[in-house]
Each structure stands twice: as structure tokens, then as C-alpha cells.
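**Student:** What follows is target34.cif, made up of mmCIF, C-alpha atoms; chains and numbers go by the auth columns:
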data_data
#
loop_
_atom_site.group_PDB
_atom_site.id
_atom_site.type_symbol
_atom_site.label_atom_id
_atom_site.label_comp_id
_atom_site.label_asym_id
_atom_site.label_seq_id
_atom_site.Cartn_x
_atom_site.Cartn_y
_atom_site.Cartn_z
_atom_site.B_iso_or_equiv
_atom_site.auth_seq_id
_atom_site.auth_asym_id
ATOM 1 C CA MET A 1 100.064 118.965 98.761 0.00 1 A
ATOM 2 C CA LEU A 2 98.783 115.418 99.069 0.00 2 A
ATOM 3 C CA GLN A 3 95.373 114.616 100.537 0.00 3 A
ATOM 4 C CA VAL A 4 94.159 111.995 103.011 0.00 4 A
ATOM 5 C CA GLY A 5 92.276 109.184 101.244 0.00 5 A
ATOM 6 C CA HIS A 6 94.371 109.324 98.075 0.00 6 A
ATOM 7 C CA PRO A 7 96.819 106.574 97.059 0.00 7 A
ATOM 8 C CA ALA A 8 100.385 107.231 98.240 0.00 8 A
ATOM 9 C CA PRO A 9 102.688 108.007 95.292 0.00 9 A
ATOM 10 C CA GLY A 10 104.902 105.009 94.525 0.00 10 A
ATOM 11 C CA PHE A 11 108.678 105.174 94.489 0.00 11 A
ATOM 12 C CA SER A 12 111.886 103.172 94.468 0.00 12 A
ATOM 13 C CA LEU A 13 114.916 104.595 96.325 0.00 13 A
ATOM 14 C CA PRO A 14 118.225 103.220 97.628 0.00 14 A
ATOM 15 C CA ASP A 15 118.718 102.841 101.380 0.00 15 A
ATOM 16 C CA ALA A 16 121.894 103.366 103.449 0.00 16 A
ATOM 17 C CA ASP A 17 123.192 99.974 102.250 0.00 17 A
ATOM 18 C CA MET A 18 122.430 100.858 98.615 0.00 18 A
ATOM 19 C CA GLU A 19 119.592 98.309 98.441 0.00 19 A
ATOM 20 C CA MET A 20 116.571 99.468 96.463 0.00 20 A
ATOM 21 C CA VAL A 21 113.393 99.982 98.477 0.00 21 A
ATOM 22 C CA LYS A 22 109.995 100.081 96.757 0.00 22 A
ATOM 23 C CA LEU A 23 106.930 101.405 98.539 0.00 23 A
ATOM 24 C CA SER A 24 104.842 98.720 96.821 0.00 24 A
ATOM 25 C CA ALA A 25 106.873 96.026 98.639 0.00 25 A
ATOM 26 C CA TYR A 26 105.131 97.058 101.872 0.00 26 A
ATOM 27 C CA LYS A 27 101.527 96.396 100.776 0.00 27 A
ATOM 28 C CA GLY A 28 99.879 94.624 103.699 0.00 28 A
ATOM 29 C CA LYS A 29 101.798 96.726 106.247 0.00 29 A
ATOM 30 C CA ASN A 30 101.309 100.259 107.481 0.00 30 A
ATOM 31 C CA VAL A 31 104.105 102.602 106.419 0.00 31 A
ATOM 32 C CA VAL A 32 105.314 105.741 108.151 0.00 32 A
ATOM 33 C CA LEU A 33 107.150 107.756 105.519 0.00 33 A
ATOM 34 C CA TYR A 34 108.902 110.749 107.019 0.00 34 A
ATOM 35 C CA PHE A 35 110.899 113.386 105.192 0.00 35 A
ATOM 36 C CA TYR A 36 113.637 115.302 106.989 0.00 36 A
ATOM 37 C CA PRO A 37 116.044 118.047 105.853 0.00 37 A
ATOM 38 C CA LYS A 38 119.551 116.715 106.599 0.00 38 A
ATOM 39 C CA ASP A 39 121.418 113.813 108.191 0.00 39 A
ATOM 40 C CA ASP A 40 123.045 114.396 111.577 0.00 40 A
ATOM 41 C CA THR A 41 121.551 117.811 112.307 0.00 41 A
ATOM 42 C CA PRO A 42 119.941 118.411 115.733 0.00 42 A
ATOM 43 C CA GLY A 43 116.225 118.198 114.831 0.00 43 A
ATOM 44 C CA CYS A 44 116.727 115.370 112.350 0.00 44 A
ATOM 45 C CA THR A 45 118.735 113.390 114.904 0.00 45 A
ATOM 46 C CA ILE A 46 116.029 113.810 117.572 0.00 46 A
ATOM 47 C CA GLU A 47 113.381 112.616 115.114 0.00 47 A
ATOM 48 C CA ALA A 48 115.377 109.613 113.832 0.00 48 A
ATOM 49 C CA VAL A 49 116.381 108.506 117.354 0.00 49 A
ATOM 50 C CA ASP A 50 112.757 108.805 118.566 0.00 50 A
ATOM 51 C CA PHE A 51 111.464 106.708 115.651 0.00 51 A
ATOM 52 C CA SER A 52 114.218 104.146 116.294 0.00 52 A
ATOM 53 C CA ASP A 53 113.498 104.026 120.046 0.00 53 A
ATOM 54 C CA LEU A 54 109.870 103.137 119.264 0.00 54 A
ATOM 55 C CA ASP A 55 110.836 100.452 116.739 0.00 55 A
ATOM 56 C CA ASN A 56 109.258 97.617 118.764 0.00 56 A
ATOM 57 C CA GLU A 57 106.024 99.565 119.189 0.00 57 A
ATOM 58 C CA PHE A 58 105.808 100.210 115.432 0.00 58 A
ATOM 59 C CA ALA A 59 106.509 96.514 114.770 0.00 59 A
ATOM 60 C CA ARG A 60 103.633 95.531 117.115 0.00 60 A
ATOM 61 C CA LEU A 61 101.382 97.786 115.041 0.00 61 A
ATOM 62 C CA ASP A 62 102.546 96.042 111.821 0.00 62 A
ATOM 63 C CA THR A 63 104.178 99.278 110.704 0.00 63 A
ATOM 64 C CA VAL A 64 107.487 99.992 108.972 0.00 64 A
ATOM 65 C CA VAL A 65 109.206 103.393 109.298 0.00 65 A
ATOM 66 C CA LEU A 66 111.107 104.893 106.359 0.00 66 A
ATOM 67 C CA GLY A 67 113.022 108.183 106.539 0.00 67 A
ATOM 68 C CA VAL A 68 113.799 110.163 103.383 0.00 68 A
ATOM 69 C CA SER A 69 116.187 113.039 102.721 0.00 69 A
ATOM 70 C CA ARG A 70 118.284 114.237 99.801 0.00 70 A
ATOM 71 C CA ASP A 71 121.492 113.025 101.450 0.00 71 A
ATOM 72 C CA ASP A 72 123.328 110.190 99.701 0.00 72 A
ATOM 73 C CA CYS A 73 123.581 106.547 100.840 0.00 73 A
ATOM 74 C CA ILE A 74 127.029 107.062 102.381 0.00 74 A
ATOM 75 C CA SER A 75 125.775 109.966 104.506 0.00 75 A
ATOM 76 C CA HIS A 76 122.764 107.875 105.575 0.00 76 A
ATOM 77 C CA ALA A 77 125.000 104.957 106.595 0.00 77 A
ATOM 78 C CA ALA A 78 127.239 107.233 108.682 0.00 78 A
ATOM 79 C CA PHE A 79 124.181 108.873 110.330 0.00 79 A
ATOM 80 C CA ARG A 80 122.614 105.469 111.065 0.00 80 A
ATOM 81 C CA ASP A 81 125.811 104.007 112.479 0.00 81 A
ATOM 82 C CA LYS A 82 126.724 107.068 114.573 0.00 82 A
ATOM 83 C CA HIS A 83 123.348 107.112 116.338 0.00 83 A
ATOM 84 C CA GLY A 84 122.449 103.393 116.235 0.00 84 A
ATOM 85 C CA LEU A 85 119.333 104.069 114.162 0.00 85 A
ATOM 86 C CA SER A 86 116.988 101.214 113.268 0.00 86 A
ATOM 87 C CA VAL A 87 114.795 103.159 110.843 0.00 87 A
ATOM 88 C CA ARG A 88 115.546 102.603 107.176 0.00 88 A
ATOM 89 C CA LEU A 89 116.929 105.788 105.603 0.00 89 A
ATOM 90 C CA LEU A 90 116.303 106.361 101.893 0.00 90 A
ATOM 91 C CA ALA A 91 118.347 108.586 99.586 0.00 91 A
ATOM 92 C CA ASP A 92 116.339 110.869 97.290 0.00 92 A
ATOM 93 C CA GLU A 93 119.359 112.688 95.892 0.00 93 A
ATOM 94 C CA GLU A 94 117.514 114.042 92.850 0.00 94 A
ATOM 95 C CA GLY A 95 114.511 115.099 94.934 0.00 95 A
ATOM 96 C CA LYS A 96 111.915 113.389 92.740 0.00 96 A
ATOM 97 C CA VAL A 97 110.129 111.682 95.638 0.00 97 A
ATOM 98 C CA CYS A 98 110.303 114.893 97.700 0.00 98 A
ATOM 99 C CA GLU A 99 108.508 116.645 94.838 0.00 99 A
ATOM 100 C CA LYS A 100 105.885 113.871 94.499 0.00 100 A
ATOM 101 C CA TYR A 101 105.032 114.261 98.176 0.00 101 A
ATOM 102 C CA GLY A 102 105.072 118.080 98.091 0.00 102 A
ATOM 103 C CA VAL A 103 107.810 118.487 100.714 0.00 103 A
ATOM 104 C CA TRP A 104 110.366 120.279 98.494 0.00 104 A
ATOM 105 C CA GLN A 105 109.457 123.868 99.299 0.00 105 A
ATOM 106 C CA GLU A 106 110.887 127.342 99.494 0.00 106 A
ATOM 107 C CA LYS A 107 112.034 128.221 103.000 0.00 107 A
ATOM 108 C CA GLU A 108 113.250 131.486 104.455 0.00 108 A
ATOM 109 C CA LYS A 109 115.963 131.717 107.086 0.00 109 A
ATOM 110 C CA ASP A 110 117.557 134.981 108.164 0.00 110 A
ATOM 111 C CA GLY A 111 115.897 136.743 105.225 0.00 111 A
ATOM 112 C CA VAL A 112 117.385 134.334 102.676 0.00 112 A
ATOM 113 C CA LYS A 113 115.022 132.210 100.597 0.00 113 A
ATOM 114 C CA LYS A 114 116.113 128.786 99.397 0.00 114 A
ATOM 115 C CA MET A 115 114.584 125.435 98.525 0.00 115 A
ATOM 116 C CA GLY A 116 114.616 122.670 101.111 0.00 116 A
ATOM 117 C CA ILE A 117 112.694 119.780 102.623 0.00 117 A
ATOM 118 C CA LEU A 118 109.746 120.725 104.802 0.00 118 A
ATOM 119 C CA ARG A 119 109.817 118.190 107.667 0.00 119 A
ATOM 120 C CA SER A 120 106.736 116.086 106.943 0.00 120 A
ATOM 121 C CA THR A 121 105.256 112.679 107.721 0.00 121 A
ATOM 122 C CA PHE A 122 102.826 110.479 105.808 0.00 122 A
ATOM 123 C CA VAL A 123 101.034 107.514 107.350 0.00 123 A
ATOM 124 C CA ILE A 124 100.080 105.004 104.657 0.00 124 A
ATOM 125 C CA ASP A 125 97.707 102.131 105.403 0.00 125 A
ATOM 126 C CA LYS A 126 98.061 98.473 104.424 0.00 126 A
ATOM 127 C CA HIS A 127 96.319 99.185 101.100 0.00 127 A
ATOM 128 C CA GLY A 128 98.644 102.038 100.084 0.00 128 A
ATOM 129 C CA ILE A 129 96.193 104.830 100.982 0.00 129 A
ATOM 130 C CA LEU A 130 97.269 108.025 102.755 0.00 130 A
ATOM 131 C CA LYS A 131 95.642 108.048 106.200 0.00 131 A
ATOM 132 C CA HIS A 132 97.541 110.998 107.694 0.00 132 A
ATOM 133 C CA VAL A 133 99.321 113.830 105.895 0.00 133 A
ATOM 134 C CA LEU A 134 101.388 115.989 108.252 0.00 134 A
ATOM 135 C CA TYR A 135 103.372 118.897 106.794 0.00 135 A
ATOM 136 C CA GLY A 136 105.725 121.045 108.895 0.00 136 A
ATOM 137 C CA VAL A 137 106.009 118.744 111.922 0.00 137 A
ATOM 138 C CA ASN A 138 108.024 119.380 115.089 0.00 138 A
ATOM 139 C CA PRO A 139 110.632 116.628 115.563 0.00 139 A
ATOM 140 C CA ARG A 140 110.429 116.430 119.375 0.00 140 A
ATOM 141 C CA GLY A 141 107.785 113.894 120.424 0.00 141 A
ATOM 142 C CA HIS A 142 106.642 113.380 116.849 0.00 142 A
ATOM 143 C CA ALA A 143 107.271 109.606 116.749 0.00 143 A
ATOM 144 C CA ALA A 144 104.999 109.089 119.783 0.00 144 A
ATOM 145 C CA GLU A 145 102.272 111.208 118.119 0.00 145 A
ATOM 146 C CA VAL A 146 102.518 109.007 115.008 0.00 146 A
ATOM 147 C CA ILE A 147 102.152 105.850 117.148 0.00 147 A
ATOM 148 C CA ASN A 148 98.905 107.276 118.548 0.00 148 A
ATOM 149 C CA LEU A 149 97.617 108.038 115.039 0.00 149 A
ATOM 150 C CA ILE A 150 98.288 104.460 113.928 0.00 150 A
ATOM 151 C CA LYS A 151 96.598 102.975 117.017 0.00 151 A
ATOM 152 C CA VAL A 152 93.283 104.625 116.092 0.00 152 A
ATOM 153 C CA MET A 153 93.521 103.855 112.352 0.00 153 A
ATOM 154 C CA GLU A 154 92.272 100.292 112.300 0.00 154 A
#
Using the file provided, produce a representation of the structure as C-alpha cells.
**Tutor:**
Amino acid sequence: MLQVGHPAPGFSLPDADMEMVKLSAYKGKNVVLYFYPKDDTPGCTIEAVDFSDLDNEFARLDTVVLGVSRDDCISHAAFRDKHGLSVRLLADEEGKVCEKYGVWQEKEKDGVKKMGILRSTFVIDKHGILKHVLYGVNPRGHAAEVINLIKVME
């Protein structure tokens, strides 16, 4: 598990348009990096739509929002287009970034254990330092909570 005050682990991942996105490219901006289990599922859709709806508010706070799952670029593009999402969705198909951030964890559902993404959000400041580390978040209302965290960061 990552700790507040530590540098955010760097990465380079393709987005829904297959363009490479590097975390280091956002130095000088705040970054909300959120990990979600699967494109176009109920909780993940609520979360992505909420982040997208608050796009202007994040922009006013000099903040970019990046969503990460293990879905591929094609799945991300379909999810984005279906729901009119403005957040940039990144494909971590091999799960390396999920592991770096400690979100690839064993989950149990109906008595069956399997590995999956623990819905988590990381708020990274303009210098690349982790300011908020939130594991196991609830998707409903989460984007608004993150806005409030960023407002008190400066």
C-alpha cells in the first residue's frame, strides 16, 4: 500500500485512442488517478460519469483526471463513447501499474476468491507527491469528495 507524502510511482500507459500517457507529463498539475474494476459496469459507470460531470471543476483546480483499469483500449473507447465520458481512460492490460499502486488484490464474492482491482483513488500534487491515498472507495459521490480534498490541498 502506498503512503501519503511519497512520490507517486511513474508509468506510461495507452489511452482509449491508443496514445501513450506518461504521469511525468503532468508535472505542474494536480492528478487524480483512479483505478476501477471494469468498463461499463454499474459502479464503474457511476464513478466515470461523476468524474466527467465535474470536469470543469477539476480544470478550475488545475487538475487532470485519469481512470485506469485492465480493460483494453478498444473497450475504453466504447465505454467513453457510450457514456460521453471526458475523463481519460488508461489501459493497464498487464496490470503492472495496478501492482505498483497496490490495487491488484484478492477479493471474495459469493465465497469465491479471485484477483481483481480494488476501487481506489490517488491524488497527486503538482510535484508528483501523493497527497491522498484512498483504497476501497464507494463510487457514488466519490468525485465530489475528491474535489473537496483538492480544494484544501494548496
**Student:** So for range 124-133 of chain A, what box centre and size do we get, axis-aligned, 4 Å extra on each of the six sides, every listed atom, Å to one decimal, as AutoDock Vina command-line options?
**Tutor:**
--center_x 97.9 --center_y 106.2 --center_z 103.9 --size_x 12.4 --size_y 23.4 --size_z 15.6
**Student:** Can you write out as a tab-separated table which residues of range 45-68 of chain A fall within 6 Å of range 82-99 of chain A, alongside each residue's closest atom pair and its distance in Å to one decimal, counting only C-alpha atoms and ordering rows by chain and ascending residue number?
**Tutor:**
residue	atom	partner	partner_atom	distance
A:Ser52	CA	A:Ser86	CA	5.0
A:Val65	CA	A:Val87	CA	5.8
A:Leu66	CA	A:Arg88	CA	5.1
A:Gly67	CA	A:Leu89	CA	4.7
A:Val68	CA	A:Leu90	CA	4.8
**Student:** Written as a list in words, what is the full residue list that the PyMOL selection byres ((chain A and resi 72) around 8) yields on the file shown?
**Tutor:**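 For this structure, the PyMOL selection byres ((chain A and resi 72) around 8) captures Ala16, Arg70, Asp71, Cys73, Ile74, Ser75, His76, Ala91, Asp92 and Glu93 of chain A.
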**Student:** Could you give me, as a Markdown table, every range 19-127 of chain A residue with an atom at most 6 Å from range 135-142 of chain A, plus its closest atom pair and distance in Å to one decimal, counting only C-alpha atoms, rows ordered by chain then number?
**Tutor:**
| residue | atom | partner | partner_atom | distance |
| --- | --- | --- | --- | --- |
| A:Gly43 | CA | A:Pro139 | CA | 5.9 |
| A:Glu47 | CA | A:Pro139 | CA | 4.9 |
| A:Leu118 | CA | A:Gly136 | CA | 5.7 |
| A:Arg119 | CA | A:Gly136 | CA | 5.1 |
| A:Ser120 | CA | A:Tyr135 | CA | 4.4 |
**Student:** Write the residues of the selection above to a file with C-alpha atoms, as a PDB file, in the coordinates of the input.
**Tutor:**
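Listed below is the output, part.pdb:
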ATOM      1  CA  GLY A  43     116.225 118.198 114.831  1.00  0.00           C
ATOM      2  CA  GLU A  47     113.381 112.616 115.114  1.00  0.00           C
ATOM      3  CA  LEU A 118     109.746 120.725 104.802  1.00  0.00           C
ATOM      4  CA  ARG A 119     109.817 118.190 107.667  1.00  0.00           C
ATOM      5  CA  SER A 120     106.736 116.086 106.943  1.00  0.00           C
TER       6      SER A 120
END
**Student:** Starting from the displayed file, determine the output of the PyMOL selection byres ((chain A and resi 134) around 12) and express the residue list as a ChimeraX atom specification.
**Tutor:** /A:1-4,32-35,101-103,118-124,130-133,135-139,142,145-146,149
**Student:** Record the distance separating CA of Ala8 in chain A and CA of Gln105 in chain A, expressed in Å with one decimal.
**Tutor:** 19.0 Å
**Student:** Could you please determine the separation between CA of Ile150 in chain A and CA of Val21 in chain A in Å, to one decimal place?
**Tutor:** 22.1 Å
**Student:** Please indicate the distance in Å from CA of Ala48 in chain A to CA of Phe79 in chain A, rounded to one decimal place.
**Tutor:** 9.5 Å
**Student:** From the list A:Asp62, A:Ala144, A:Tyr26, A:Lys151, which residue is nearest Asp50 in chain A when using only C-alpha atoms?
**Tutor:**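 Counting only C-alpha atoms, the residue closest to Asp50 in chain A is A:Ala144.
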**Student:** Let me know the residues the PyMOL selection byres ((chain A and resi 106) around 10) catches in the file above, as a PyMOL selection string.
**Tutor:** chain A and resi 103-105+107-108+113-118
